[in-house]
file start.cif (mmCIF, C-alpha atoms)
data_final
#
loop_
_atom_site.label_atom_id
_atom_site.label_comp_id
_atom_site.auth_asym_id
_atom_site.auth_seq_id
_atom_site.Cartn_x
_atom_site.Cartn_y
_atom_site.Cartn_z
CA MET Q 335 -7.30 34.42 -33.85
CA SER Q 336 -8.42 31.15 -32.56
CA THR Q 337 -10.93 29.29 -34.62
CA HIS Q 338 -13.65 28.56 -32.18
CA VAL Q 339 -16.19 26.21 -33.69
CA THR Q 340 -19.72 26.83 -32.64
CA ILE Q 341 -21.84 23.73 -32.83
CA GLU Q 342 -25.59 23.76 -33.43
CA THR Q 343 -26.54 22.64 -29.96
CA GLU Q 344 -25.41 25.83 -28.37
CA GLY Q 345 -25.82 26.00 -24.66
CA LYS Q 346 -25.72 22.25 -24.33
CA VAL Q 347 -23.06 20.48 -22.42
CA TRP Q 348 -20.89 19.44 -25.34
CA ASP Q 349 -20.62 22.72 -27.28
CA GLY Q 350 -17.17 23.46 -25.97
CA ARG Q 351 -18.26 26.44 -23.96
CA ARG Q 352 -18.96 24.51 -20.83
CA LEU Q 353 -16.83 21.83 -19.31
CA ALA Q 354 -18.57 18.52 -19.73
CA LEU Q 355 -17.61 17.13 -16.34
CA GLY Q 356 -17.49 20.41 -14.51
CA ALA Q 357 -13.73 20.38 -14.10
CA THR Q 358 -10.85 21.60 -16.25
CA TYR Q 359 -9.27 19.33 -18.85
CA GLY Q 360 -6.14 18.80 -16.79
CA LYS Q 361 -8.00 17.72 -13.70
CA VAL Q 362 -10.40 15.44 -15.59
CA MET Q 363 -7.48 13.75 -17.30
CA MET Q 364 -5.72 13.32 -13.96
CA TRP Q 365 -8.88 11.68 -12.59
CA PHE Q 366 -9.04 9.26 -15.50
CA PHE Q 367 -5.36 8.46 -15.23
CA LEU Q 368 -5.91 7.71 -11.54
CA LEU Q 369 -8.92 5.54 -12.44
CA SER Q 370 -6.75 3.45 -14.76
CA ASP Q 371 -4.04 3.27 -12.13
CA ALA Q 372 -6.62 2.23 -9.53
CA LEU Q 373 -7.71 -0.63 -11.78
CA THR Q 374 -4.07 -1.72 -12.16
CA PHE Q 375 -3.52 -1.72 -8.40
CA SER Q 376 -6.85 -3.49 -7.93
CA ALA Q 377 -5.67 -6.26 -10.22
CA PHE Q 378 -2.45 -6.72 -8.24
CA LEU Q 379 -4.14 -6.60 -4.86
CA THR Q 380 -6.91 -8.94 -5.96
CA ALA Q 381 -4.27 -11.38 -7.18
CA TYR Q 382 -2.68 -11.11 -3.74
CA GLY Q 383 -6.02 -11.79 -2.05
CA PHE Q 384 -6.59 -14.73 -4.34
CA PHE Q 385 -3.34 -16.44 -3.37
CA ARG Q 386 -3.64 -15.38 0.24
CA PHE Q 387 -7.08 -16.82 0.87
CA ALA Q 388 -6.59 -19.91 -1.25
CA SER Q 389 -3.48 -20.86 0.72
CA THR Q 390 -3.42 -23.21 3.65
CA THR Q 391 -0.80 -21.29 5.58
CA TRP Q 392 0.69 -17.81 5.31
CA PRO Q 393 3.43 -15.76 6.93
CA SER Q 394 2.04 -14.03 9.98
CA PRO Q 395 2.44 -10.22 9.67
CA GLU Q 396 3.12 -9.76 13.39
CA ILE Q 397 6.09 -12.11 13.05
CA VAL Q 398 7.38 -10.90 9.67
CA PHE Q 399 7.15 -7.18 10.38
CA GLN Q 400 8.50 -6.74 13.89
CA SER Q 401 11.77 -4.87 13.60
CA PHE Q 402 12.39 -1.18 14.10
CA PRO Q 403 15.61 0.56 13.00
CA PHE Q 404 18.07 1.24 15.85
CA LEU Q 405 15.53 0.63 18.64
CA ALA Q 406 14.53 -2.95 17.88
CA PRO Q 407 16.59 -4.12 14.89
CA HIS Q 408 16.16 -7.80 15.80
CA GLY Q 409 12.44 -7.67 16.28
CA GLY Q 410 10.06 -7.47 19.16
CA TRP Q 411 8.08 -4.44 18.07
CA PRO Q 412 5.40 -5.93 15.81
CA LEU Q 413 3.85 -3.54 13.26
CA VAL Q 414 5.25 -0.43 14.98
CA PHE Q 415 7.46 0.57 12.08
CA VAL Q 416 4.74 0.20 9.47
CA GLY Q 417 2.48 2.24 11.74
CA LEU Q 418 5.04 5.02 11.63
CA MET Q 419 5.29 4.74 7.83
CA THR Q 420 1.51 4.95 7.51
CA PHE Q 421 1.41 7.99 9.75
CA ILE Q 422 4.15 9.71 7.73
CA LEU Q 423 2.21 9.15 4.50
CA ILE Q 424 -1.10 10.39 5.95
CA ALA Q 425 0.73 13.44 7.34
CA SER Q 426 2.23 14.15 3.92
CA SER Q 427 -1.29 13.95 2.49
CA LEU Q 428 -2.32 16.56 5.07
CA THR Q 429 0.45 18.98 4.06
CA MET Q 430 -0.42 18.35 0.40
CA VAL Q 431 -4.07 19.30 0.87
CA LEU Q 432 -2.96 22.34 2.89
CA ALA Q 433 -0.77 23.35 -0.08
CA VAL Q 434 -3.83 23.10 -2.36
CA GLU Q 435 -5.82 25.20 0.12
CA ALA Q 436 -3.02 27.81 0.20
CA GLY Q 437 -3.11 27.83 -3.61
CA HIS Q 438 -6.78 28.78 -3.52
CA ARG Q 439 -5.83 31.73 -1.34
CA LYS Q 440 -3.00 32.48 -3.82
CA ASP Q 441 -0.50 32.45 -0.97
CA ASN Q 442 2.73 31.54 -2.79
CA ARG Q 443 4.86 31.39 0.36
CA ALA Q 444 2.51 28.93 2.08
CA VAL Q 445 2.21 26.79 -1.07
CA LEU Q 446 6.00 26.53 -1.22
CA ASN Q 447 6.35 25.62 2.46
CA TYR Q 448 3.64 22.95 2.39
CA LEU Q 449 5.09 21.46 -0.81
CA ILE Q 450 8.51 21.20 0.83
CA ALA Q 451 6.92 19.51 3.86
CA THR Q 452 5.16 17.04 1.54
CA ILE Q 453 8.41 16.24 -0.27
CA ILE Q 454 10.14 15.60 3.06
CA GLY Q 455 7.29 13.26 4.07
CA GLY Q 456 7.45 11.35 0.78
CA ALA Q 457 11.22 11.02 0.89
CA THR Q 458 11.08 9.81 4.51
CA PHE Q 459 8.51 7.19 3.57
CA LEU Q 460 10.79 5.97 0.77
CA GLY Q 461 13.70 5.78 3.22
CA CYS Q 462 11.59 3.70 5.62
CA GLN Q 463 10.62 1.38 2.79
CA ALA Q 464 14.27 0.98 1.78
CA TYR Q 465 15.09 -0.05 5.35
CA GLU Q 466 12.25 -2.54 5.47
CA TRP Q 467 13.18 -4.09 2.14
CA SER Q 468 16.80 -4.43 3.11
CA HIS Q 469 15.82 -5.97 6.45
CA LEU Q 470 13.57 -8.59 4.83
CA LEU Q 471 16.22 -9.31 2.21
CA HIS Q 472 18.72 -10.07 4.94
CA GLN Q 473 16.25 -12.49 6.47
CA GLY Q 474 16.21 -14.36 3.20
CA LEU Q 475 12.94 -13.14 1.72
CA TRP Q 476 12.87 -12.05 -1.89
CA ILE Q 477 10.67 -12.25 -4.99
CA GLY Q 478 12.31 -15.45 -6.07
CA VAL Q 479 14.25 -17.78 -3.89
CA SER Q 480 17.04 -19.95 -5.09
CA ASN Q 481 16.75 -23.40 -3.62
CA ASN Q 482 20.45 -23.40 -2.94
CA ASP Q 483 20.09 -20.62 -0.44
CA PHE Q 484 17.82 -22.72 1.64
CA GLN Q 485 19.49 -26.08 1.72
CA VAL Q 486 21.31 -26.79 4.90
CA ASP Q 487 23.66 -29.08 3.05
CA ASN Q 488 24.66 -26.35 0.68
CA GLU Q 489 25.28 -23.82 3.40
CA ILE Q 490 27.66 -26.17 5.14
CA HIS Q 491 29.60 -26.78 1.94
CA ASN Q 492 29.83 -23.06 1.36
CA GLY Q 493 31.32 -22.66 4.81
CA ILE Q 494 28.47 -20.46 5.97
CA HIS Q 495 27.93 -22.64 9.00
CA HIS Q 496 30.64 -23.92 11.23
CA ALA Q 497 29.20 -27.41 11.42
CA SER Q 498 31.37 -30.37 10.51
CA LEU Q 499 31.09 -32.00 7.13
CA ASP Q 500 30.75 -35.52 8.49
CA GLY Q 501 27.04 -35.57 7.94
CA THR Q 502 25.76 -34.03 11.15
CA TYR Q 503 23.59 -31.19 10.10
CA ASP Q 504 22.19 -30.54 13.54
CA HIS Q 505 24.01 -27.39 14.38
CA ALA Q 506 23.67 -25.82 10.98
CA ALA Q 507 19.98 -26.40 10.64
CA LYS Q 508 19.21 -25.39 14.18
CA GLU Q 509 21.12 -22.14 13.97
CA TRP Q 510 19.86 -21.36 10.56
CA VAL Q 511 16.23 -21.73 11.44
CA ALA Q 512 16.73 -20.05 14.78
CA GLU Q 513 18.43 -17.00 13.36
CA ARG Q 514 16.48 -16.26 10.28
CA ARG Q 515 13.77 -18.58 9.18
CA ILE Q 516 11.43 -18.47 12.10
CA PHE Q 517 9.93 -15.45 10.43
CA TYR Q 518 8.30 -17.36 7.62
CA PRO Q 519 6.62 -20.69 7.17
CA VAL Q 520 9.26 -23.19 6.12
CA LYS Q 521 9.16 -26.71 4.84
CA THR Q 522 11.56 -29.14 6.45
CA VAL Q 523 12.31 -32.70 5.57
CA ILE Q 524 13.03 -34.88 8.59
CA ASP Q 525 13.59 -38.57 7.91
CA GLY Q 526 11.72 -38.39 4.67
CA VAL Q 527 8.67 -36.63 6.14
CA GLU Q 528 7.80 -33.11 5.13
CA TRP Q 529 6.86 -30.66 7.86
CA ASN Q 530 5.40 -27.25 7.46
CA ILE Q 531 6.27 -25.04 10.38
CA GLY Q 532 5.66 -21.45 11.29
CA GLY Q 533 3.15 -19.01 9.92
CA GLN Q 534 -0.48 -18.71 10.71
CA ALA Q 535 -2.94 -21.40 9.84
CA THR Q 536 -5.89 -20.12 7.92
CA ASP Q 537 -9.46 -21.24 8.38
CA GLN Q 538 -9.03 -22.88 5.03
CA ALA Q 539 -6.30 -25.17 6.33
CA ALA Q 540 -8.35 -26.29 9.27
CA ARG Q 541 -11.39 -26.97 7.17
CA LEU Q 542 -9.95 -28.50 4.04
CA LEU Q 543 -6.89 -30.35 5.17
CA GLY Q 544 -6.86 -30.65 8.88
CA PRO Q 545 -3.76 -31.26 10.97
CA ASP Q 546 -3.65 -34.94 10.05
CA HIS Q 547 -2.77 -34.23 6.46
CA PHE Q 548 -0.91 -31.02 6.80
CA PRO Q 549 0.73 -30.29 10.13
CA VAL Q 550 0.54 -26.56 10.61
CA SER Q 551 1.68 -24.93 13.80
CA ASP Q 552 -0.04 -21.83 15.08
CA LYS Q 553 3.15 -20.18 16.18
CA PRO Q 554 6.75 -21.20 16.54
CA VAL Q 555 7.58 -22.39 20.03
CA LEU Q 556 11.12 -21.97 21.23
CA ASP Q 557 12.27 -24.58 23.70
CA TYR Q 558 15.24 -24.61 26.00
CA ASN Q 559 17.35 -26.83 23.73
CA GLY Q 560 17.39 -24.35 20.94
CA VAL Q 561 14.57 -24.39 18.53
CA ALA Q 562 11.62 -26.68 18.51
CA TYR Q 563 8.24 -26.28 16.93
CA MET Q 564 4.94 -27.66 17.93
CA ASN Q 565 2.38 -28.80 15.43
CA ALA Q 566 -1.39 -28.72 15.81
CA HIS Q 567 -1.32 -32.00 17.77
CA GLY Q 568 1.13 -30.65 20.28
CA ASP Q 569 3.97 -32.82 18.95
CA TYR Q 570 7.38 -31.27 19.01
CA ILE Q 571 9.73 -31.48 16.13
CA ASN Q 572 13.27 -30.29 16.23
CA PRO Q 573 14.39 -28.56 13.07
CA GLY Q 574 17.90 -29.42 14.12
CA ASN Q 575 17.25 -32.86 12.66
CA ALA Q 576 16.23 -31.42 9.33
CA GLN Q 577 17.94 -32.70 6.23
CA MET Q 578 16.60 -29.80 4.24
CA VAL Q 579 14.83 -26.57 5.05
CA ILE Q 580 13.23 -24.53 2.31
CA PRO Q 581 10.71 -21.73 2.45
CA SER Q 582 7.21 -23.00 1.96
CA GLY Q 583 5.45 -22.25 -1.30
CA GLU Q 584 3.34 -19.71 0.57
CA THR Q 585 6.43 -17.92 1.85
CA MET Q 586 7.81 -17.64 -1.66
CA MET Q 587 4.46 -16.43 -2.98
CA PHE Q 588 4.30 -13.89 -0.17
CA GLY Q 589 7.75 -12.60 -1.12
CA LYS Q 590 6.84 -12.21 -4.78
CA LEU Q 591 3.59 -10.36 -4.03
CA PHE Q 592 5.01 -8.22 -1.24
CA PHE Q 593 8.01 -6.93 -3.13
CA PHE Q 594 6.15 -6.48 -6.40
CA ILE Q 595 3.19 -4.59 -4.98
CA THR Q 596 5.05 -2.45 -2.43
CA GLY Q 597 7.66 -1.87 -5.13
CA PHE Q 598 5.04 -0.67 -7.57
CA HIS Q 599 3.59 1.58 -4.90
CA GLY Q 600 7.04 2.83 -3.91
CA PHE Q 601 7.71 3.69 -7.54
CA HIS Q 602 4.55 5.80 -7.48
CA VAL Q 603 5.77 7.56 -4.34
CA PHE Q 604 9.13 8.15 -6.01
CA SER Q 605 7.46 9.62 -9.14
CA GLY Q 606 5.26 11.74 -6.88
CA VAL Q 607 8.29 13.18 -5.10
CA LEU Q 608 9.85 14.06 -8.49
CA ILE Q 609 6.66 15.78 -9.71
CA LEU Q 610 6.35 17.59 -6.38
CA LEU Q 611 9.95 18.82 -6.80
CA ILE Q 612 9.08 20.25 -10.21
CA VAL Q 613 5.97 22.00 -8.88
CA CYS Q 614 8.00 23.20 -5.90
CA ILE Q 615 10.54 24.81 -8.24
CA MET Q 616 7.65 26.41 -10.16
CA ALA Q 617 6.34 27.86 -6.90
CA ALA Q 618 9.80 29.06 -5.87
CA LYS Q 619 10.28 30.81 -9.22
CA GLY Q 620 6.87 32.42 -8.90
CA ILE Q 621 5.66 30.85 -12.17
CA MET Q 622 2.24 29.98 -10.76
CA ALA Q 623 1.90 33.31 -8.99
CA LYS Q 624 2.47 35.01 -12.38
CA ARG Q 625 -0.05 32.66 -14.00
CA GLY Q 626 -2.60 33.68 -11.41
CA HIS Q 627 -3.71 30.18 -10.45
CA TYR Q 628 -2.37 27.09 -8.73
CA GLU Q 629 -4.09 24.32 -10.66
CA MET Q 630 -0.75 22.53 -11.02
CA VAL Q 631 -0.72 22.07 -7.23
CA GLU Q 632 -4.27 20.67 -7.35
CA LYS Q 633 -3.29 18.13 -10.01
CA VAL Q 634 -0.17 16.89 -8.25
CA GLY Q 635 -2.29 16.87 -5.09
CA LEU Q 636 -4.77 14.46 -6.67
CA TYR Q 637 -1.89 12.16 -7.63
CA TRP Q 638 -0.33 12.35 -4.16
CA HIS Q 639 -3.60 11.54 -2.36
CA PHE Q 640 -4.06 8.60 -4.69
CA VAL Q 641 -0.67 7.24 -3.63
CA ASP Q 642 -1.82 7.56 -0.02
CA LEU Q 643 -5.10 5.88 -0.92
CA VAL Q 644 -3.30 2.87 -2.40
CA TRP Q 645 -1.13 2.62 0.71
CA VAL Q 646 -4.27 2.42 2.87
CA PHE Q 647 -5.18 -0.78 1.01
CA VAL Q 648 -1.63 -2.17 0.89
CA PHE Q 649 -1.34 -1.57 4.64
CA THR Q 650 -4.55 -3.43 5.42
CA LEU Q 651 -3.93 -6.36 3.09
CA PHE Q 652 -0.24 -7.00 3.81
CA TYR Q 653 0.20 -5.86 7.39
CA LEU Q 654 -3.12 -6.33 9.15
CA ILE Q 655 -5.03 -9.23 7.65
CA MET S 1208 -18.06 39.81 -28.72
CA SER S 1209 -18.46 36.78 -26.58
CA GLN S 1210 -14.99 35.51 -26.02
CA SER S 1211 -14.40 31.78 -26.08
CA PRO S 1212 -13.00 30.41 -22.84
CA HIS S 1213 -9.86 29.25 -24.62
CA ASP S 1214 -8.95 32.78 -25.65
CA MET S 1215 -9.30 33.92 -22.10
CA VAL S 1216 -7.11 31.09 -20.87
CA HIS S 1217 -4.29 32.20 -23.14
CA GLU S 1218 -4.53 35.64 -21.66
CA GLY S 1219 -3.50 34.06 -18.40
CA GLU S 1220 -6.72 33.67 -16.53
CA TYR S 1221 -7.57 30.64 -14.48
CA GLU S 1222 -9.09 28.16 -16.87
CA ALA S 1223 -11.70 27.05 -14.36
CA GLU S 1224 -12.70 30.62 -13.63
CA ALA S 1225 -12.80 31.42 -17.34
CA TYR S 1226 -15.41 28.73 -17.71
CA GLY S 1227 -17.36 30.27 -14.92
CA LEU S 1228 -16.73 27.36 -12.59
CA HIS S 1229 -16.88 27.51 -8.89
CA VAL S 1230 -13.57 26.05 -7.83
CA PRO S 1231 -14.05 23.52 -5.02
CA HIS S 1232 -12.68 24.82 -1.82
CA SER S 1233 -12.24 23.23 1.56
CA SER S 1234 -11.59 24.93 4.83
CA LYS S 1235 -8.53 24.27 6.98
CA ARG S 1236 -10.84 23.10 9.75
CA GLU S 1237 -12.36 20.41 7.55
CA ILE S 1238 -8.90 19.28 6.40
CA TRP S 1239 -7.65 18.86 9.98
CA ILE S 1240 -10.79 17.00 11.05
CA VAL S 1241 -10.36 14.53 8.17
CA PHE S 1242 -6.69 14.06 9.07
CA VAL S 1243 -7.47 13.37 12.73
CA VAL S 1244 -10.22 10.89 11.76
CA LEU S 1245 -7.86 9.05 9.38
CA ALA S 1246 -5.19 8.81 12.09
CA LEU S 1247 -7.74 7.63 14.66
CA VAL S 1248 -9.17 4.93 12.37
CA THR S 1249 -5.61 3.69 11.73
CA ALA S 1250 -5.06 3.52 15.50
CA ILE S 1251 -8.32 1.56 15.87
CA GLU S 1252 -7.06 -0.87 13.22
CA PHE S 1253 -3.98 -1.50 15.35
CA VAL S 1254 -6.16 -2.23 18.36
CA PHE S 1255 -8.08 -4.84 16.36
CA ALA S 1256 -4.82 -6.28 14.98
CA PHE S 1257 -3.65 -7.15 18.50
CA ALA S 1258 -6.88 -7.59 20.44
CA MET S 1259 -8.68 -9.88 18.04
CA GLN S 1260 -7.81 -13.32 16.67
CA SER S 1261 -7.33 -13.41 12.92
CA GLY S 1262 -10.36 -14.73 11.13
CA THR S 1263 -13.19 -13.83 8.83
CA GLU S 1264 -14.79 -11.37 11.28
CA ARG S 1265 -11.57 -9.44 11.80
CA THR S 1266 -10.89 -9.38 8.05
CA ILE S 1267 -14.33 -7.90 7.43
CA ILE S 1268 -13.77 -5.24 10.11
CA PHE S 1269 -10.42 -4.33 8.55
CA LEU S 1270 -11.93 -4.07 5.07
CA LEU S 1271 -14.80 -1.86 6.28
CA LEU S 1272 -12.41 0.47 8.12
CA THR S 1273 -10.17 0.58 5.03
CA VAL S 1274 -13.06 1.51 2.74
CA PHE S 1275 -14.07 4.17 5.27
CA LYS S 1276 -10.56 5.67 5.21
CA ALA S 1277 -10.46 5.48 1.40
CA ALA S 1278 -13.78 7.33 1.20
CA GLY S 1279 -12.42 10.06 3.49
CA ILE S 1280 -9.36 10.54 1.30
CA VAL S 1281 -11.31 10.56 -1.98
CA LEU S 1282 -14.22 12.75 -0.81
CA TYR S 1283 -12.33 15.34 1.22
CA PHE S 1284 -8.61 15.31 0.38
CA MET S 1285 -9.27 14.82 -3.34
CA HIS S 1286 -12.34 17.11 -3.24
CA MET S 1287 -14.52 14.52 -4.94
CA LYS S 1288 -17.38 15.68 -2.73
CA HIS S 1289 -17.28 19.10 -4.38
CA GLU S 1290 -17.01 17.86 -7.97
CA THR S 1291 -20.01 17.43 -10.25
CA LYS S 1292 -22.08 14.25 -10.05
CA ARG S 1293 -21.07 13.49 -13.64
CA LEU S 1294 -17.37 13.42 -12.83
CA MET S 1295 -18.03 11.47 -9.64
CA TYR S 1296 -19.93 8.70 -11.42
CA SER S 1297 -17.51 8.62 -14.36
CA VAL S 1298 -14.68 7.79 -11.97
CA LEU S 1299 -16.45 5.72 -9.33
CA LEU S 1300 -18.82 3.53 -11.36
CA PRO S 1301 -16.01 1.69 -13.25
CA MET S 1302 -14.70 0.64 -9.84
CA LEU S 1303 -17.79 -1.55 -9.49
CA LEU S 1304 -15.97 -3.95 -11.82
CA VAL S 1305 -13.39 -4.35 -9.06
CA VAL S 1306 -16.12 -5.07 -6.51
CA TYR S 1307 -17.39 -7.77 -8.87
CA LEU S 1308 -13.89 -9.23 -9.25
CA VAL S 1309 -13.32 -9.25 -5.48
CA ALA S 1310 -16.70 -10.94 -4.95
CA LEU S 1311 -15.71 -13.65 -7.44
CA VAL S 1312 -12.37 -14.19 -5.73
CA ILE S 1313 -14.00 -14.49 -2.31
CA ILE S 1314 -16.52 -17.02 -3.61
CA GLU S 1315 -13.91 -19.05 -5.47
CA THR S 1316 -11.40 -19.19 -2.62
CA GLN S 1317 -13.96 -20.42 -0.12
CA GLY S 1318 -13.63 -23.86 -1.71
#
call {"tool": "encode", "arguments": {"input": "start.cif", "output": "structure tokens"}}
result
Amino acid sequence: MSTHVTIETEGKVWDGRRLALGATYGKVMMWFFLLSDALTFSAFLTAYGFFRFASTTWPSPEIVFQSFPFLAPHGGWPLVFVGLMTFILIASSLTMVLAVEAGHRKDNRAVLNYLIATIIGGATFLGCQAYEWSHLLHQGLWIGVSNNDFQVDNEIHNGIHHASLDGTYDHAAKEWVAERRIFYPVKTVIDGVEWNIGGQATDQAARLLGPDHFPVSDKPVLDYNGVAYMNAHGDYINPGNAQMVIPSGETMMFGKLFFFITGFHGFHVFSGVLILLIVCIMAAKGIMAKRGHYEMVEKVGLYWHFVDLVWVFVFTLFYLI
Amino acid sequence: MSQSPHDMVHEGEYEAEAYGLHVPHSSKREIWIVFVVLALVTAIEFVFAFAMQSGTERTIIFLLLTVFKAAGIVLYFMHMKHETKRLMYSVLLPMLLVVYLVALVIIETQG
């Protein structure tokens, strides 16, 4: 016998006979977990926005995200790959909500099939993210950047570049910037003067600093000699003369925020795939059919749509703005 | 006589049904319409990304479209539209704190 306590205010909302928020305990708790998770993501994304809009320059998404596996591995297809990733995640949200709908009809076969489709979508998204991370890593972007990696001098001594050691850094610097670093704003030192090149100038830069104080180029301009960049005045500088090239502070901040936030989101996707696998096994074994309801599918569905919801914001903030 | 809902749950009935709840339900048609709208809005975002210079106006357009997509996901895919007002406000009102935070950040970063 269960000991059901009847409280004086019978018939009122809180007497235990009616659900206070009109949903079952499990679903309400999932909603509140998602609320707390939403606040966590909000904190991260707001921090990103704070650094982004307070910075004078920032990596341009069309330049950073322009490669596509196999078809355009060296770039040229701006934002196409992330478009595909976004579509895959929205499609997996579609199959998830179709699984929930099938659960309401108590159609075990359909629930199972839609769950499998959702898992495939989630796993594909994770694969795409792994490719993108590895690609950016190879271009020298990471959450923290060791200064050594970015000093021309050091690269020559490590034999990475085939330039001579007699003090001419031309070749090394030129090649280095040309091959990898045009993707992000970099800071170069040429004859004692610091130059910031690459990236997109924000309104902030134009208003607060102006090109006189802080030369910021709109976009890298490649000239026939190799690599040259134009600043806001139209002056060319040749990074081949650089004594040192390091990523700008904004580039390093971008790396930290990008990998941390997409990593945190990717971890959510990964957890979601695991939970979906468990629910999938439950459906395959007929556990929920025996139980007579598919609330488990609804709950994992809420979580999965939330992951999609967060991606909508990550996509806008990192790839579009 | 009157059985408590918890007893009924242990007998294997759907908890929500045991409480006499109408379980929110959405039709396949509605689901597909929401999916197509989400995909279309994403496509429109791409058009703006390439057709418009980056700046405050474009950022505002992106944020509005993003909030629109988020509302679609929460209201239809997550069935928030069919939940009770109490649950809706319990989850959505705390998010106003985020709106406040974002407003502060925008003001402070404008120099």
call {"tool": "atom_distance", "arguments": {"input": "start.cif", "atom1": "atom CA of Q:Ala623", "atom2": "atom CA of S:Trp1239"}}
result
25.7 Å
call {"tool": "closest_residue", "arguments": {"input": "start.cif", "among": "S:Met1295, S:Ile1313, S:Ile1238, S:Ala1258", "to": "S:Gly1279", "atoms": "all atoms listed in the file"}}
result
S:Ile1238
call {"tool": "interface_residues", "arguments": {"input": "start.cif", "of": "chain Q", "to": "chain S", "cutoff": "6 Å", "atoms": "all atoms listed in the file", "output": "list of chain:residue names"}}
result
Q:Leu355, Q:Gly356, Q:Thr358, Q:Phe384, Q:Ala388, Q:Arg625, Q:His627, Q:Leu636, Q:Leu643, Q:Ile655
call {"tool": "resolve_selection", "arguments": {"input": "start.cif", "expression": "the PyMOL selection byres ((chain Q and resi 368) around 12)", "output": "PyMOL selection string"}}
result
(chain Q and resi 361-367+369-376+602+633-641+643-644) or (chain S and resi 1281+1285+1297-1299+1301-1302)
call {"tool": "atom_distance", "arguments": {"input": "start.cif", "atom1": "atom CA of Q:Glu632", "atom2": "atom CA of Q:His599"}}
result
20.8 Å
call {"tool": "residues_around", "arguments": {"input": "start.cif", "residues": "Q:Leu446", "least_positions_apart": "3", "cutoff": "10 Å", "atoms": "all atoms listed in the file", "output": "MDAnalysis selection string"}}
result
chainID Q and resid 433 436:437 441:443 449:452 613:618 620
call {"tool": "residues_around", "arguments": {"input": "start.cif", "residues": "stretch 401-406 of chain Q", "least_positions_apart": "6", "cutoff": "9 Å", "atoms": "all atoms listed in the file", "output": "list in words"}}
result
Pro412, Leu413, Val414, Phe415, Cys462, Tyr465, Glu466 and His469 of chain Q
call {"tool": "atom_distance", "arguments": {"input": "start.cif", "atom1": "atom CA of Q:Tyr448", "atom2": "atom CA of Q:Leu432"}}
result
6.6 Å
call {"tool": "closest_residue", "arguments": {"input": "start.cif", "among": "Q:Gly600, Q:Val607, Q:Glu584, Q:Gly410", "to": "Q:Phe387", "atoms": "all atoms listed in the file"}}
result
Q:Glu584
call {"tool": "axis_aligned_box", "arguments": {"input": "start.cif", "around": "stretch 584-602 of chain Q", "padding_each_side": "4 Å", "output": "AutoDock Vina command-line options"}}
result
--center_x 5.6 --center_y -7.0 --center_z -2.9 --size_x 12.8 --size_y 33.5 --size_z 17.4
call {"tool": "resolve_selection", "arguments": {"input": "start.cif", "expression": "the PyMOL selection byres ((chain Q and resi 424) around 9)", "output": "PyMOL selection string"}}
result
(chain Q and resi 419-423+425-429+639+642) or (chain S and resi 1242+1245-1246)
call {"tool": "resolve_selection", "arguments": {"input": "start.cif", "expression": "the PyMOL selection byres ((chain Q and resi 467) around 12)", "output": "ChimeraX atom specification"}}
result
/Q:398-399,401,416,460-466,468-477,589,592-594,596-597,600
call {"tool": "build_atoms", "arguments": {"input": "start.cif", "residues": "stretch 1270-1280 of chain S", "atoms": "N, CA and C atoms", "output": "CSV table (one decimal), keeping the file's coordinate frame"}}
result
chain,number,residue,atom,x,y,z
S,1270,LEU,N,-11.5,-4.5,6.4
S,1270,LEU,CA,-11.9,-4.1,5.1
S,1270,LEU,C,-12.9,-2.9,5.2
S,1271,LEU,N,-13.8,-3.0,6.1
S,1271,LEU,CA,-14.8,-1.9,6.3
S,1271,LEU,C,-14.1,-0.6,6.7
S,1272,LEU,N,-13.2,-0.7,7.7
S,1272,LEU,CA,-12.4,0.5,8.1
S,1272,LEU,C,-11.6,1.0,7.0
S,1273,THR,N,-11.0,0.1,6.2
S,1273,THR,CA,-10.2,0.6,5.0
S,1273,THR,C,-11.0,1.4,4.0
S,1274,VAL,N,-12.2,0.8,3.7
S,1274,VAL,CA,-13.1,1.5,2.7
S,1274,VAL,C,-13.5,2.9,3.3
S,1275,PHE,N,-13.7,2.9,4.6
S,1275,PHE,CA,-14.1,4.2,5.3
S,1275,PHE,C,-13.0,5.2,5.1
S,1276,LYS,N,-11.7,4.8,5.4
S,1276,LYS,CA,-10.6,5.7,5.2
S,1276,LYS,C,-10.4,6.1,3.7
S,1277,ALA,N,-10.6,5.2,2.8
S,1277,ALA,CA,-10.5,5.5,1.4
S,1277,ALA,C,-11.5,6.5,1.0
S,1278,ALA,N,-12.7,6.4,1.5
S,1278,ALA,CA,-13.8,7.3,1.2
S,1278,ALA,C,-13.4,8.7,1.7
S,1279,GLY,N,-12.8,8.8,2.9
S,1279,GLY,CA,-12.4,10.1,3.5
S,1279,GLY,C,-11.4,10.7,2.6
S,1280,ILE,N,-10.4,10.0,2.1
S,1280,ILE,CA,-9.4,10.5,1.3
S,1280,ILE,C,-10.0,11.0,0.0
